[in-house]
>>> print(open('final_25.cif').read())   # mmCIF, C-alpha atoms
data_work
#
loop_
_atom_site.label_atom_id
_atom_site.label_comp_id
_atom_site.auth_asym_id
_atom_site.auth_seq_id
_atom_site.Cartn_x
_atom_site.Cartn_y
_atom_site.Cartn_z
CA MET F 185 -6.09 -1.37 -0.91
CA VAL F 186 -5.38 -4.94 0.07
CA HIS F 187 -2.50 -3.34 1.95
CA ILE F 188 -3.32 -2.47 5.54
CA SER F 189 -1.61 0.75 6.67
CA ASP F 190 0.49 1.42 9.74
CA GLY F 191 -1.49 2.27 12.85
CA VAL F 192 -4.66 0.34 12.01
CA LEU F 193 -3.93 -2.96 13.70
CA SER F 194 -2.84 -3.58 17.28
CA PRO F 195 0.73 -4.64 18.10
CA PRO F 196 -0.14 -8.29 18.97
CA ILE F 197 -1.72 -8.76 15.53
CA LEU F 198 1.30 -7.12 13.86
CA ALA F 199 3.70 -9.36 15.75
CA GLY F 200 1.58 -12.41 14.93
CA GLY F 201 1.73 -11.43 11.26
CA PHE F 202 5.53 -11.29 11.30
CA LEU F 203 5.80 -14.61 13.14
CA LEU F 204 3.42 -16.41 10.80
CA ALA F 205 4.98 -14.88 7.67
CA GLY F 206 8.48 -15.75 8.91
CA ALA F 207 7.47 -19.34 9.66
CA ILE F 208 5.89 -19.81 6.24
CA ILE F 209 8.94 -18.30 4.50
CA LEU F 210 11.24 -20.70 6.38
CA LEU F 211 9.01 -23.64 5.53
CA THR F 212 8.59 -22.83 1.83
CA LEU F 213 12.19 -21.75 1.15
CA ARG F 214 13.93 -24.50 3.12
CA ASP F 215 15.02 -26.48 0.06
CA VAL F 216 15.37 -23.59 -2.40
CA LYS F 217 18.11 -24.01 -5.00
CA ALA F 218 20.26 -21.12 -6.22
CA GLU F 219 19.11 -21.89 -9.78
CA GLU F 220 15.51 -21.02 -8.85
CA VAL F 221 16.30 -17.57 -7.47
CA PRO F 222 16.53 -15.66 -10.79
CA LYS F 223 13.02 -16.82 -11.76
CA ILE F 224 11.66 -15.94 -8.31
CA SER F 225 13.30 -12.49 -8.58
CA LEU F 226 11.78 -11.87 -12.00
CA ILE F 227 8.26 -12.68 -10.85
CA THR F 228 8.77 -10.69 -7.65
CA ALA F 229 9.65 -7.70 -9.86
CA ALA F 230 6.37 -8.13 -11.75
CA ILE F 231 4.30 -8.24 -8.53
CA PHE F 232 6.26 -5.28 -7.16
CA VAL F 233 5.22 -3.03 -10.05
CA ALA F 234 1.70 -4.46 -10.44
CA SER F 235 0.57 -2.43 -7.43
CA LEU F 236 1.30 0.78 -9.36
CA VAL F 237 -1.62 0.04 -11.69
CA HIS F 238 -4.45 1.85 -9.92
CA PHE F 239 -8.15 2.00 -10.63
CA PRO F 240 -10.49 4.43 -8.92
CA VAL F 241 -13.47 2.40 -7.62
CA GLY F 242 -16.20 4.46 -6.01
CA PRO F 243 -14.76 6.43 -3.10
CA THR F 244 -11.56 4.45 -2.94
CA SER F 245 -8.65 3.37 -5.10
CA VAL F 246 -7.62 -0.21 -5.76
CA HIS F 247 -4.64 -1.69 -7.55
CA LEU F 248 -3.58 -4.98 -9.10
CA VAL F 249 -2.30 -7.63 -6.71
CA MET F 250 -1.04 -10.42 -9.01
CA ASN F 251 -0.45 -12.85 -6.15
CA GLY F 252 -2.17 -15.52 -8.25
CA LEU F 253 0.47 -15.09 -10.94
CA ALA F 254 3.16 -15.82 -8.37
CA GLY F 255 1.21 -18.91 -7.31
CA ILE F 256 0.93 -20.47 -10.76
CA LEU F 257 4.53 -19.66 -11.72
CA LEU F 258 6.39 -20.27 -8.46
CA GLY F 259 4.33 -22.80 -6.52
CA LYS F 260 5.31 -22.79 -2.88
CA ARG F 261 8.05 -20.22 -3.49
CA ALA F 262 5.25 -17.73 -4.20
CA PHE F 263 4.89 -16.81 -0.54
CA ALA F 264 8.46 -15.52 -0.22
CA SER F 265 8.12 -13.74 -3.55
CA VAL F 266 4.98 -11.92 -2.39
CA ALA F 267 6.63 -11.06 0.94
CA VAL F 268 9.69 -9.55 -0.78
CA ALA F 269 7.53 -7.63 -3.26
CA LEU F 270 5.47 -6.22 -0.36
CA THR F 271 8.61 -5.22 1.52
CA LEU F 272 9.87 -3.29 -1.50
CA GLN F 273 6.44 -1.69 -1.95
CA ALA F 274 6.33 -0.65 1.71
CA VAL F 275 9.84 0.79 1.66
CA LEU F 276 9.77 2.46 -1.75
CA PHE F 277 6.12 3.32 -2.40
CA GLN F 278 4.88 3.60 1.21
CA HIS F 279 2.11 1.15 0.30
CA GLY F 280 0.99 -0.30 3.58
CA GLY F 281 3.83 0.26 6.01
CA ILE F 282 6.88 -1.34 7.58
CA SER F 283 5.07 -2.59 10.70
CA VAL F 284 2.37 -4.34 8.66
CA ILE F 285 4.64 -6.20 6.23
CA GLY F 286 4.09 -9.45 8.15
CA VAL F 287 0.30 -9.17 8.17
CA ASN F 288 0.16 -8.07 4.53
CA ALA F 289 2.48 -10.91 3.48
CA VAL F 290 0.11 -13.38 5.15
CA ASN F 291 -2.93 -11.68 3.57
CA MET F 292 -1.57 -11.94 0.04
CA GLY F 293 0.89 -14.82 0.34
CA ILE F 294 -1.49 -17.48 1.64
CA PRO F 295 -3.91 -16.89 -1.27
CA ALA F 296 -0.89 -17.17 -3.61
CA LEU F 297 -0.30 -20.65 -2.19
CA LEU F 298 -4.01 -21.35 -2.65
CA ALA F 299 -3.69 -20.30 -6.32
CA TRP F 300 -0.86 -22.80 -6.71
CA GLN F 301 -3.01 -25.58 -5.25
CA ILE F 302 -5.90 -24.68 -7.56
CA PHE F 303 -3.58 -24.65 -10.55
CA GLU F 304 -2.30 -28.10 -9.62
CA GLY F 305 -5.87 -29.29 -10.14
CA ARG F 306 -5.46 -28.88 -13.92
CA ARG F 307 -4.06 -32.42 -14.08
CA GLY F 308 -7.57 -33.70 -13.61
CA LEU F 309 -8.84 -31.99 -16.76
CA SER F 310 -7.79 -33.23 -20.18
CA SER F 311 -8.99 -30.22 -22.19
CA PRO F 312 -6.28 -28.37 -24.17
CA LYS F 313 -7.55 -25.19 -22.52
CA ARG F 314 -6.99 -26.47 -18.99
CA GLU F 315 -4.16 -24.00 -18.27
CA VAL F 316 -6.40 -21.08 -19.21
CA VAL F 317 -9.30 -22.33 -17.10
CA PHE F 318 -7.31 -23.22 -14.02
CA GLY F 319 -5.04 -20.17 -14.37
CA ALA F 320 -8.10 -17.91 -14.46
CA VAL F 321 -9.72 -19.58 -11.45
CA ALA F 322 -6.43 -19.48 -9.53
CA GLY F 323 -5.91 -15.79 -10.37
CA GLY F 324 -9.43 -14.84 -9.31
CA PHE F 325 -9.40 -16.84 -6.10
CA ALA F 326 -6.00 -15.42 -5.10
CA VAL F 327 -7.43 -11.88 -4.99
CA LEU F 328 -10.72 -13.04 -3.48
CA GLY F 329 -8.81 -14.90 -0.78
CA ALA F 330 -6.71 -11.82 -0.01
CA THR F 331 -9.79 -9.62 0.38
CA LEU F 332 -11.52 -12.24 2.55
CA ILE F 333 -8.53 -12.50 4.90
CA LEU F 334 -8.26 -8.69 5.04
CA SER F 335 -12.00 -8.40 5.75
CA ALA F 336 -11.74 -11.00 8.49
CA GLU F 337 -8.93 -9.02 10.13
CA LEU F 338 -10.93 -5.80 9.92
CA LEU F 339 -13.94 -7.59 11.45
CA ILE F 340 -11.84 -8.63 14.44
CA LEU F 341 -11.24 -4.92 15.07
CA GLY F 342 -14.90 -4.32 15.80
CA GLU F 343 -18.48 -4.15 14.68
CA ALA F 344 -17.96 -0.80 12.96
CA PHE F 345 -15.84 -2.49 10.35
CA ARG F 346 -18.60 -4.83 9.19
CA GLU F 347 -19.90 -2.62 6.41
CA ILE F 348 -16.37 -1.60 5.53
CA ALA F 349 -15.40 -5.22 5.02
CA ALA F 350 -18.32 -5.53 2.60
CA LEU F 351 -16.99 -2.41 0.89
CA VAL F 352 -13.52 -3.99 0.55
CA LEU F 353 -15.05 -6.99 -1.18
CA ALA F 354 -17.18 -4.84 -3.47
CA ALA F 355 -14.27 -2.59 -4.41
CA HIS F 356 -12.17 -5.58 -5.38
CA VAL F 357 -14.70 -7.12 -7.75
CA PRO F 358 -13.09 -5.32 -10.74
CA ILE F 359 -9.62 -6.45 -9.66
CA ILE F 360 -10.83 -10.04 -9.28
CA LEU F 361 -12.30 -9.93 -12.81
CA ILE F 362 -9.19 -8.33 -14.31
CA GLU F 363 -6.80 -10.77 -12.66
CA THR F 364 -9.00 -13.73 -13.56
CA ALA F 365 -8.74 -12.71 -17.23
CA VAL F 366 -5.07 -11.67 -17.21
CA ILE F 367 -3.74 -14.69 -15.32
CA GLY F 368 -5.92 -17.11 -17.33
CA LEU F 369 -4.58 -15.70 -20.60
CA ALA F 370 -1.01 -15.58 -19.26
CA ALA F 371 -1.21 -19.23 -18.22
CA GLY F 372 -2.55 -20.25 -21.64
CA PHE F 373 0.10 -18.18 -23.42
CA LEU F 374 2.96 -19.57 -21.34
CA GLN F 375 1.68 -23.12 -21.79
CA SER F 376 1.94 -22.71 -25.57
CA VAL F 377 5.26 -20.82 -25.80
CA LYS F 378 7.23 -21.66 -22.64
CA PRO F 379 5.47 -24.31 -20.55
CA GLU F 380 8.49 -24.74 -18.25
CA MET F 381 7.71 -21.28 -16.78
CA LEU F 382 4.52 -22.63 -15.20
CA ILE F 383 4.82 -24.51 -11.97
CA ARG F 384 5.05 -28.20 -12.77
CA ALA F 385 2.51 -30.54 -11.37
CA ARG F 386 3.12 -32.39 -8.14
CA GLY F 387 5.85 -34.97 -7.97
CA SER F 388 7.89 -33.73 -10.93
CA GLY F 389 10.58 -32.15 -8.78
CA HIS F 390 12.14 -28.74 -9.37
CA GLY F 391 10.11 -25.99 -7.76
CA GLY F 392 7.10 -28.19 -7.10
CA ALA F 393 5.92 -29.74 -3.90
CA MET Z 189 -1.76 77.33 14.44
CA LYS Z 190 -2.71 74.14 12.62
CA LYS Z 191 0.67 74.11 10.86
CA VAL Z 192 2.53 74.42 14.14
CA ALA Z 193 0.61 71.48 15.51
CA ILE Z 194 1.48 69.33 12.47
CA TYR Z 195 5.18 70.25 12.75
CA ALA Z 196 5.08 69.45 16.41
CA VAL Z 197 3.60 66.02 15.76
CA LEU Z 198 6.16 65.34 13.02
CA ALA Z 199 9.01 66.44 15.28
CA ILE Z 200 7.82 64.15 18.03
CA LEU Z 201 7.56 61.28 15.59
CA ILE Z 202 11.07 61.91 14.18
CA PHE Z 203 12.71 62.12 17.58
CA ALA Z 204 10.66 59.30 19.02
CA GLY Z 205 12.87 56.72 17.35
CA ALA Z 206 11.87 53.28 16.26
CA ALA Z 207 12.64 51.31 19.38
CA SER Z 208 10.34 52.82 21.90
CA GLY Z 209 6.60 52.91 21.89
CA HIS Z 210 4.17 50.84 19.98
CA ARG Z 211 5.58 47.76 18.29
CA MET Z 212 3.32 46.48 15.58
CA LEU Z 213 2.25 42.83 15.73
CA MET Z 214 0.23 40.58 13.54
CA GLY Z 215 -1.95 37.71 14.54
CA TYR Z 216 -4.19 35.39 12.68
CA SER Z 217 -7.16 33.23 13.22
CA ILE Z 218 -8.43 30.50 11.02
CA GLU Z 219 -12.16 30.54 10.47
CA GLU Z 220 -12.30 27.52 8.27
CA LEU Z 221 -9.82 24.84 7.34
CA SER Z 222 -10.04 22.63 4.29
CA LEU Z 223 -8.17 19.35 4.49
CA SER Z 224 -7.78 17.36 1.32
CA VAL Z 225 -7.38 13.63 1.54
CA PHE Z 226 -5.97 11.76 -1.44
CA TYR Z 227 -4.20 8.56 -2.38
CA ASP Z 228 -0.60 8.54 -3.49
CA ASP Z 229 -1.60 8.43 -7.15
CA GLY Z 230 -3.47 11.71 -6.68
CA THR Z 231 -6.98 10.21 -6.61
CA PRO Z 232 -9.10 12.18 -4.11
CA ALA Z 233 -10.37 10.03 -1.26
CA GLY Z 234 -14.07 10.84 -0.98
CA GLY Z 235 -16.36 9.68 1.82
CA VAL Z 236 -13.47 8.99 4.17
CA ALA Z 237 -13.83 9.61 7.92
CA VAL Z 238 -11.70 12.40 9.37
CA LYS Z 239 -11.29 13.02 13.10
CA ALA Z 240 -9.65 15.97 14.83
CA TYR Z 241 -8.05 15.38 18.21
CA ASP Z 242 -6.82 17.89 20.77
CA GLY Z 243 -4.51 15.70 22.80
CA ASP Z 244 -6.72 12.72 23.56
CA ASP Z 245 -10.02 14.57 23.13
CA LEU Z 246 -11.98 14.13 19.98
CA VAL Z 247 -13.05 17.66 19.01
CA ALA Z 248 -14.56 17.09 15.60
CA GLU Z 249 -15.37 14.35 13.19
CA GLY Z 250 -16.83 14.17 9.75
CA SER Z 251 -16.14 12.80 6.35
CA THR Z 252 -14.71 14.09 3.10
CA ASP Z 253 -16.89 15.11 0.18
CA SER Z 254 -16.60 13.61 -3.30
CA ARG Z 255 -13.51 15.76 -3.98
CA GLY Z 256 -11.79 14.37 -0.90
CA VAL Z 257 -12.14 17.67 1.01
CA PHE Z 258 -13.05 17.87 4.69
CA THR Z 259 -14.03 21.34 5.88
CA PHE Z 260 -13.44 22.09 9.52
CA ARG Z 261 -14.37 25.15 11.61
CA PRO Z 262 -11.96 25.42 14.55
CA GLU Z 263 -14.31 27.80 16.46
CA GLY Z 264 -11.67 29.40 18.59
CA ARG Z 265 -9.35 26.43 18.88
CA LYS Z 266 -5.81 26.73 17.64
CA VAL Z 267 -5.59 24.42 14.64
CA GLU Z 268 -1.87 23.94 15.35
CA ASP Z 269 -2.79 22.02 18.50
CA LEU Z 270 -4.96 19.56 16.65
CA LEU Z 271 -4.09 16.22 15.17
CA PHE Z 272 -6.13 15.22 12.14
CA VAL Z 273 -6.53 11.51 11.56
CA THR Z 274 -8.21 9.92 8.59
CA SER Z 275 -8.83 6.27 8.13
CA SER Z 276 -10.78 3.99 5.86
CA VAL Z 277 -10.61 0.31 5.08
CA GLY Z 278 -7.11 -0.29 6.28
CA HIS Z 279 -5.77 3.07 5.06
CA ARG Z 280 -4.70 5.65 7.61
CA ALA Z 281 -3.09 9.08 7.49
CA GLU Z 282 -2.29 11.72 10.11
CA THR Z 283 -1.42 15.35 9.77
CA ARG Z 284 -0.74 18.37 11.93
CA ILE Z 285 -1.02 21.93 10.76
CA GLY Z 286 2.47 22.97 11.82
CA ALA Z 287 4.35 26.27 11.59
CA ALA Z 288 5.56 25.07 8.22
CA GLY Z 289 2.04 24.19 7.18
CA VAL Z 290 1.18 20.90 5.55
CA ALA Z 291 4.18 21.57 3.30
CA ALA Z 292 5.86 19.12 5.66
CA VAL Z 293 5.11 16.53 2.98
CA GLU Z 294 8.52 15.42 1.80
CA PRO Z 295 9.60 16.00 -1.77
CA GLU Z 296 8.87 12.73 -3.53
CA ILE Z 297 11.37 10.69 -5.47
CA PRO Z 298 9.87 10.06 -8.92
CA VAL Z 299 8.04 6.73 -9.13
CA ALA Z 300 10.22 5.64 -12.05
CA MET Z 301 13.27 5.96 -9.82
CA LYS Z 302 11.62 3.91 -7.10
CA VAL Z 303 10.71 1.21 -9.60
CA ALA Z 304 14.29 1.20 -10.85
CA ALA Z 305 15.51 0.90 -7.25
CA GLY Z 306 13.22 -2.07 -6.63
CA PHE Z 307 14.34 -3.77 -9.84
CA GLY Z 308 17.92 -3.10 -8.80
CA TYR Z 309 17.54 -5.02 -5.55
CA LEU Z 310 15.84 -7.94 -7.27
CA LEU Z 311 18.41 -8.01 -10.07
CA GLY Z 312 21.11 -8.02 -7.42
CA ILE Z 313 19.56 -11.03 -5.66
CA ALA Z 314 19.17 -12.83 -9.01
CA GLY Z 315 22.76 -11.99 -9.97
CA ILE Z 316 24.27 -13.23 -6.72
CA SER Z 317 22.34 -16.50 -6.95
CA MET Z 318 23.44 -16.96 -10.58
CA ILE Z 319 27.09 -16.48 -9.62
CA TYR Z 320 26.65 -18.91 -6.74
CA ALA Z 321 24.94 -21.47 -8.99
CA SER Z 322 27.62 -21.26 -11.66
CA LYS Z 323 30.45 -21.54 -9.10
CA LYS Z 324 28.81 -24.62 -7.62
CA ARG Z 325 28.50 -26.28 -11.02
CA ARG Z 326 32.24 -25.93 -11.73
#
>>> encode(input="final_25.cif", output="structure tokens")
Amino acid sequence: MVHISDGVLSPPILAGGFLLAGAIILLTLRDVKAEEVPKISLITAAIFVASLVHFPVGPTSVHLVMNGLAGILLGKRAFASVAVALTLQAVLFQHGGISVIGVNAVNMGIPALLAWQIFEGRRGLSSPKREVVFGAVAGGFAVLGATLILSAELLILGEAFREIAALVLAAHVPIILIETAVIGLAAGFLQSVKPEMLIRARGSGHGGA
Amino acid sequence: MKKVAIYAVLAILIFAGAASGHRMLMGYSIEELSLSVFYDDGTPAGGVAVKAYDGDDLVAEGSTDSRGVFTFRPEGRKVEDLLFVTSSVGHRAETRIGAAGVAAVEPEIPVAMKVAAGFGYLLGIAGISMIYASKKRR
């Protein structure tokens, strides 16, 4: 449900979404190396299928987002990964729509970048469980951020959307909890078996800032 | 006398032929229309607003029940002229009751195939970049 459908937003907002998404993709992929692409593709595939996991919540239906996972594994490349996953979802599953790819990429991609920044904060903690803690927080905030941006956009559309925006937030509470748990555990697991999969902390080159 | 009359009627009917006279027609009217609103995984969308438009005029509005069904009484309007729009929280769908009915919904490709297609694209991108990376290294 984090996906906005075709025909909800006005053309200027749609165009703005594409412009902003395009600019961020250019900025975050400028120095991408061919060696990084297979990893980005793999994680994009995971996000692409995550949206098929649906949960009925009250009158609506919500699905996993997993933008936080992209954030902690890909760092700044996460935005492009989310954008590609959304494009495939729009084309193949009709989730959202073609005209809203830009807006949806911004809605879910910017929180993915936020998740990366949160995950970077783990350097400041010396606990052996720091990957789990920061992974969980990053995963939860990525979904929360996406719903907040979506709600803000719906609010711009008019007063009538106020209660609906509250509904969006409420409906996503289960998703936030699930992704907090899943991404926290995934981060802890990867740290113990394959730490090079996680985005390295700032200043250590490859894939980082 | 009665028999003669019956024969006469029969004779008239036989010689009347099929082409002339009273062609039979059928019409229909729809008293009540039930629209079901659901998500692509089959979950019914309950409590969702549905609006019916005739051109630009809003002729009816309401919301779906817990089973995702919106019941509409056209009250003399032709349902074929109406556009039904449903929207909730960023979701939106439109439908027209056409001559072919709502069966205008396209036959769906199985989800597994779509997933495979998506993986195919991503694998392709990964593959091309791997070839490029290995060529560059040599």
>>> interface_residues(input="final_25.cif", of="chain F", to="chain Z", cutoff="8 Å", atoms="only C-alpha atoms", output="PDB file with C-alpha atoms, keeping the file's coordinate frame")
ATOM      1  CA  MET F 185      -6.090  -1.370  -0.910  1.00  0.00           C
ATOM      2  CA  VAL F 186      -5.380  -4.940   0.070  1.00  0.00           C
ATOM      3  CA  HIS F 187      -2.500  -3.340   1.950  1.00  0.00           C
ATOM      4  CA  ILE F 188      -3.320  -2.470   5.540  1.00  0.00           C
ATOM      5  CA  SER F 189      -1.610   0.750   6.670  1.00  0.00           C
ATOM      6  CA  ASP F 190       0.490   1.420   9.740  1.00  0.00           C
ATOM      7  CA  GLY F 191      -1.490   2.270  12.850  1.00  0.00           C
ATOM      8  CA  VAL F 192      -4.660   0.340  12.010  1.00  0.00           C
ATOM      9  CA  ALA F 218      20.260 -21.120  -6.220  1.00  0.00           C
ATOM     10  CA  GLU F 219      19.110 -21.890  -9.780  1.00  0.00           C
ATOM     11  CA  VAL F 221      16.300 -17.570  -7.470  1.00  0.00           C
ATOM     12  CA  PRO F 222      16.530 -15.660 -10.790  1.00  0.00           C
ATOM     13  CA  LYS F 223      13.020 -16.820 -11.760  1.00  0.00           C
ATOM     14  CA  SER F 225      13.300 -12.490  -8.580  1.00  0.00           C
ATOM     15  CA  LEU F 226      11.780 -11.870 -12.000  1.00  0.00           C
ATOM     16  CA  THR F 228       8.770 -10.690  -7.650  1.00  0.00           C
ATOM     17  CA  ALA F 229       9.650  -7.700  -9.860  1.00  0.00           C
ATOM     18  CA  PHE F 232       6.260  -5.280  -7.160  1.00  0.00           C
ATOM     19  CA  VAL F 233       5.220  -3.030 -10.050  1.00  0.00           C
ATOM     20  CA  HIS F 238      -4.450   1.850  -9.920  1.00  0.00           C
ATOM     21  CA  PRO F 240     -10.490   4.430  -8.920  1.00  0.00           C
ATOM     22  CA  PRO F 243     -14.760   6.430  -3.100  1.00  0.00           C
ATOM     23  CA  THR F 244     -11.560   4.450  -2.940  1.00  0.00           C
ATOM     24  CA  SER F 245      -8.650   3.370  -5.100  1.00  0.00           C
ATOM     25  CA  LEU F 272       9.870  -3.290  -1.500  1.00  0.00           C
ATOM     26  CA  LEU F 276       9.770   2.460  -1.750  1.00  0.00           C
ATOM     27  CA  PHE F 277       6.120   3.320  -2.400  1.00  0.00           C
ATOM     28  CA  GLY F 280       0.990  -0.300   3.580  1.00  0.00           C
ATOM     29  CA  LEU F 338     -10.930  -5.800   9.920  1.00  0.00           C
ATOM     30  CA  PHE F 345     -15.840  -2.490  10.350  1.00  0.00           C
ATOM     31  CA  ILE F 348     -16.370  -1.600   5.530  1.00  0.00           C
ATOM     32  CA  ALA F 349     -15.400  -5.220   5.020  1.00  0.00           C
ATOM     33  CA  VAL F 352     -13.520  -3.990   0.550  1.00  0.00           C
TER      34      VAL F 352
END
>>> atom_distance(input="final_25.cif", atom1="CA of Val357 in chain F", atom2="CA of Lys313 in chain F")
24.4 Å
>>> atom_distance(input="final_25.cif", atom1="CA of Val275 in chain F", atom2="CA of Leu248 in chain F")
18.1 Å
>>> residues_around(input="final_25.cif", residues="Gly372 in chain F", least_positions_apart="4", cutoff="9 Å", atoms="all atoms listed in the file", output="list of chain:residue names")
F:Lys313, F:Arg314, F:Glu315, F:Val316, F:Val317, F:Gly319, F:Ile367, F:Gly368, F:Ser376, F:Val377
>>> residues_around(input="final_25.cif", residues="Pro379 in chain F", least_positions_apart="6", cutoff="12 Å", atoms="only C-alpha atoms", output="count of residues only")
8
>>> resolve_selection(input="final_25.cif", expression="the PyMOL selection byres ((chain Z and resi 267) around 9)", output="MDAnalysis selection string")
chainID Z and resid 218 221 262 264:266 268:271 284:286
